Amino acid sequence: MGNLAKDLGRKIRQARKEKGLSQDVLALICRVDRSYMGRIERGEVNITIEKLYQIAESLECSPAELLP
């Protein structure tokens, strides 16, 4: 995957840790498999805009804050 996906994943991981959430808990809130959330955070997949908004809502931030 490109640097954009990796950078986005890093920002999501950082925001998750700042909220004190485990990857499992965030995955449950977002209604995705924990392994898929791990792939998102590692930048191994390109997520949809809809998924970006869902993750941002779960992290109580704006989607723009997650973008690199």
# chains A, B, ... in the order shown; residues from 1 in each chain; ligands from 1
$ residues_around --residues "range 44-48 of chain A" --least-positions-apart "6" --cutoff "12 Å" --atoms "only C-alpha atoms" --output "VMD selection string"
chain A and resid 1 to 10 12 32 35 to 38 54 to 55 63 67
$ write_last_selection --atoms "N, CA and C atoms" --output "mmCIF file, in the first residue's frame"
data_model
loop_
_atom_site.group_PDB
_atom_site.id
_atom_site.type_symbol
_atom_site.label_atom_id
_atom_site.label_comp_id
_atom_site.auth_asym_id
_atom_site.auth_seq_id
_atom_site.Cartn_x
_atom_site.Cartn_y
_atom_site.Cartn_z
ATOM 1 N N MET A 1 0.846 -1.185 0.000
ATOM 2 C CA MET A 1 0.000 0.000 0.000
ATOM 3 C C MET A 1 0.885 1.240 0.000
ATOM 4 N N GLY A 2 0.282 2.319 -0.390
ATOM 5 C CA GLY A 2 1.022 3.571 -0.464
ATOM 6 C C GLY A 2 1.240 4.209 0.891
ATOM 7 N N ASN A 3 2.015 5.260 0.870
ATOM 8 C CA ASN A 3 2.301 5.988 2.109
ATOM 9 C C ASN A 3 1.051 6.602 2.710
ATOM 10 N N LEU A 4 0.093 6.988 1.878
ATOM 11 C CA LEU A 4 -1.132 7.599 2.390
ATOM 12 C C LEU A 4 -1.857 6.643 3.340
ATOM 13 N N ALA A 5 -2.005 5.392 2.932
ATOM 14 C CA ALA A 5 -2.690 4.402 3.774
ATOM 15 C C ALA A 5 -1.917 4.188 5.075
ATOM 16 N N LYS A 6 -0.592 4.127 5.005
ATOM 17 C CA LYS A 6 0.223 3.941 6.207
ATOM 18 C C LYS A 6 0.129 5.150 7.136
ATOM 19 N N ASP A 7 0.185 6.342 6.554
ATOM 20 C CA ASP A 7 0.078 7.557 7.366
ATOM 21 C C ASP A 7 -1.293 7.673 8.015
ATOM 22 N N LEU A 8 -2.342 7.341 7.275
ATOM 23 C CA LEU A 8 -3.690 7.356 7.825
ATOM 24 C C LEU A 8 -3.794 6.355 8.972
ATOM 25 N N GLY A 9 -3.254 5.171 8.767
ATOM 26 C CA GLY A 9 -3.267 4.149 9.816
ATOM 27 C C GLY A 9 -2.571 4.611 11.076
ATOM 28 N N ARG A 10 -1.436 5.280 10.917
ATOM 29 C CA ARG A 10 -0.707 5.805 12.074
ATOM 30 C C ARG A 10 -1.541 6.834 12.831
ATOM 31 N N ILE A 12 -4.810 7.067 12.894
ATOM 32 C CA ILE A 12 -5.915 6.367 13.560
ATOM 33 C C ILE A 12 -5.406 5.701 14.836
ATOM 34 N N VAL A 32 -16.280 -3.682 12.969
ATOM 35 C CA VAL A 32 -15.395 -4.363 12.028
ATOM 36 C C VAL A 32 -14.597 -5.408 12.798
ATOM 37 N N SER A 35 -8.993 -7.947 13.312
ATOM 38 C CA SER A 35 -7.869 -8.127 12.387
ATOM 39 C C SER A 35 -7.927 -7.099 11.252
ATOM 40 N N TYR A 36 -9.141 -6.736 10.821
ATOM 41 C CA TYR A 36 -9.285 -5.705 9.789
ATOM 42 C C TYR A 36 -8.844 -4.348 10.339
ATOM 43 N N MET A 37 -9.191 -4.062 11.591
ATOM 44 C CA MET A 37 -8.761 -2.807 12.206
ATOM 45 C C MET A 37 -7.236 -2.769 12.273
ATOM 46 N N GLY A 38 -6.623 -3.889 12.572
ATOM 47 C CA GLY A 38 -5.171 -3.962 12.593
ATOM 48 C C GLY A 38 -4.581 -3.676 11.221
ATOM 49 N N GLN A 54 -16.882 6.696 9.940
ATOM 50 C CA GLN A 54 -17.308 5.821 11.030
ATOM 51 C C GLN A 54 -16.220 5.745 12.108
ATOM 52 N N ILE A 55 -14.973 5.602 11.689
ATOM 53 C CA ILE A 55 -13.865 5.546 12.642
ATOM 54 C C ILE A 55 -13.736 6.883 13.365
ATOM 55 N N PRO A 63 -13.140 13.607 10.595
ATOM 56 C CA PRO A 63 -12.347 12.822 9.644
ATOM 57 C C PRO A 63 -11.065 13.566 9.216
ATOM 58 N N LEU A 67 -6.728 12.529 8.736
ATOM 59 C CA LEU A 67 -6.009 12.547 7.464
ATOM 60 C C LEU A 67 -4.594 13.075 7.664
#
$ residues_around --residues "Arg13 in chain A" --least-positions-apart "4" --cutoff "9 Å" --atoms "only C-alpha atoms" --output "MDAnalysis selection string"
chainID A and resid 8:9 17:18 23 41:42
$ select_by_dssp --residues "chain A" --states "alpha helix (DSSP H)" --output "NGL selection string"
:A and (3-18 or 23-30 or 34-41 or 49-58 or 63-66)
$ write_last_selection --atoms "C-alpha atoms" --output "short mmCIF file (atom, residue, chain, number, x, y, z; two decimals), in the first residue's frame"
data_model
loop_
_atom_site.label_atom_id
_atom_site.label_comp_id
_atom_site.auth_asym_id
_atom_site.auth_seq_id
_atom_site.Cartn_x
_atom_site.Cartn_y
_atom_site.Cartn_z
CA ASN A 3 2.30 5.99 2.11
CA LEU A 4 -1.13 7.60 2.39
CA ALA A 5 -2.69 4.40 3.77
CA LYS A 6 0.22 3.94 6.21
CA ASP A 7 0.08 7.56 7.37
CA LEU A 8 -3.69 7.36 7.83
CA GLY A 9 -3.27 4.15 9.82
CA ARG A 10 -0.71 5.80 12.07
CA LYS A 11 -3.04 8.73 12.72
CA ILE A 12 -5.92 6.37 13.56
CA ARG A 13 -3.68 4.37 15.93
CA GLN A 14 -2.46 7.56 17.60
CA ALA A 15 -6.03 8.87 18.07
CA ARG A 16 -7.15 5.49 19.43
CA LYS A 17 -4.33 5.40 21.96
CA GLU A 18 -5.01 9.00 23.02
CA GLN A 23 -7.78 -2.08 19.09
CA ASP A 24 -10.42 -4.66 20.06
CA VAL A 25 -12.70 -2.03 21.58
CA LEU A 26 -12.39 0.33 18.61
CA ALA A 27 -13.11 -2.54 16.24
CA LEU A 28 -16.25 -3.41 18.23
CA ILE A 29 -17.43 0.20 18.23
CA CYS A 30 -16.83 0.46 14.46
CA ARG A 34 -10.27 -6.72 14.98
CA SER A 35 -7.87 -8.13 12.39
CA TYR A 36 -9.29 -5.71 9.79
CA MET A 37 -8.76 -2.81 12.21
CA GLY A 38 -5.17 -3.96 12.59
CA ARG A 39 -4.75 -3.97 8.82
CA ILE A 40 -6.18 -0.43 8.68
CA GLU A 41 -3.75 0.78 11.34
CA ILE A 49 -14.76 7.46 2.98
CA GLU A 50 -17.72 5.93 4.81
CA LYS A 51 -15.37 3.84 6.98
CA LEU A 52 -13.19 6.90 7.65
CA TYR A 53 -16.23 8.80 8.92
CA GLN A 54 -17.31 5.82 11.03
CA ILE A 55 -13.87 5.55 12.64
CA ALA A 56 -13.69 9.30 13.23
CA GLU A 57 -17.11 9.29 14.88
CA SER A 58 -16.04 6.40 17.11
CA PRO A 63 -12.35 12.82 9.64
CA ALA A 64 -9.98 15.67 8.70
CA GLU A 65 -8.10 15.18 11.97
CA LEU A 66 -7.27 11.62 10.90
#
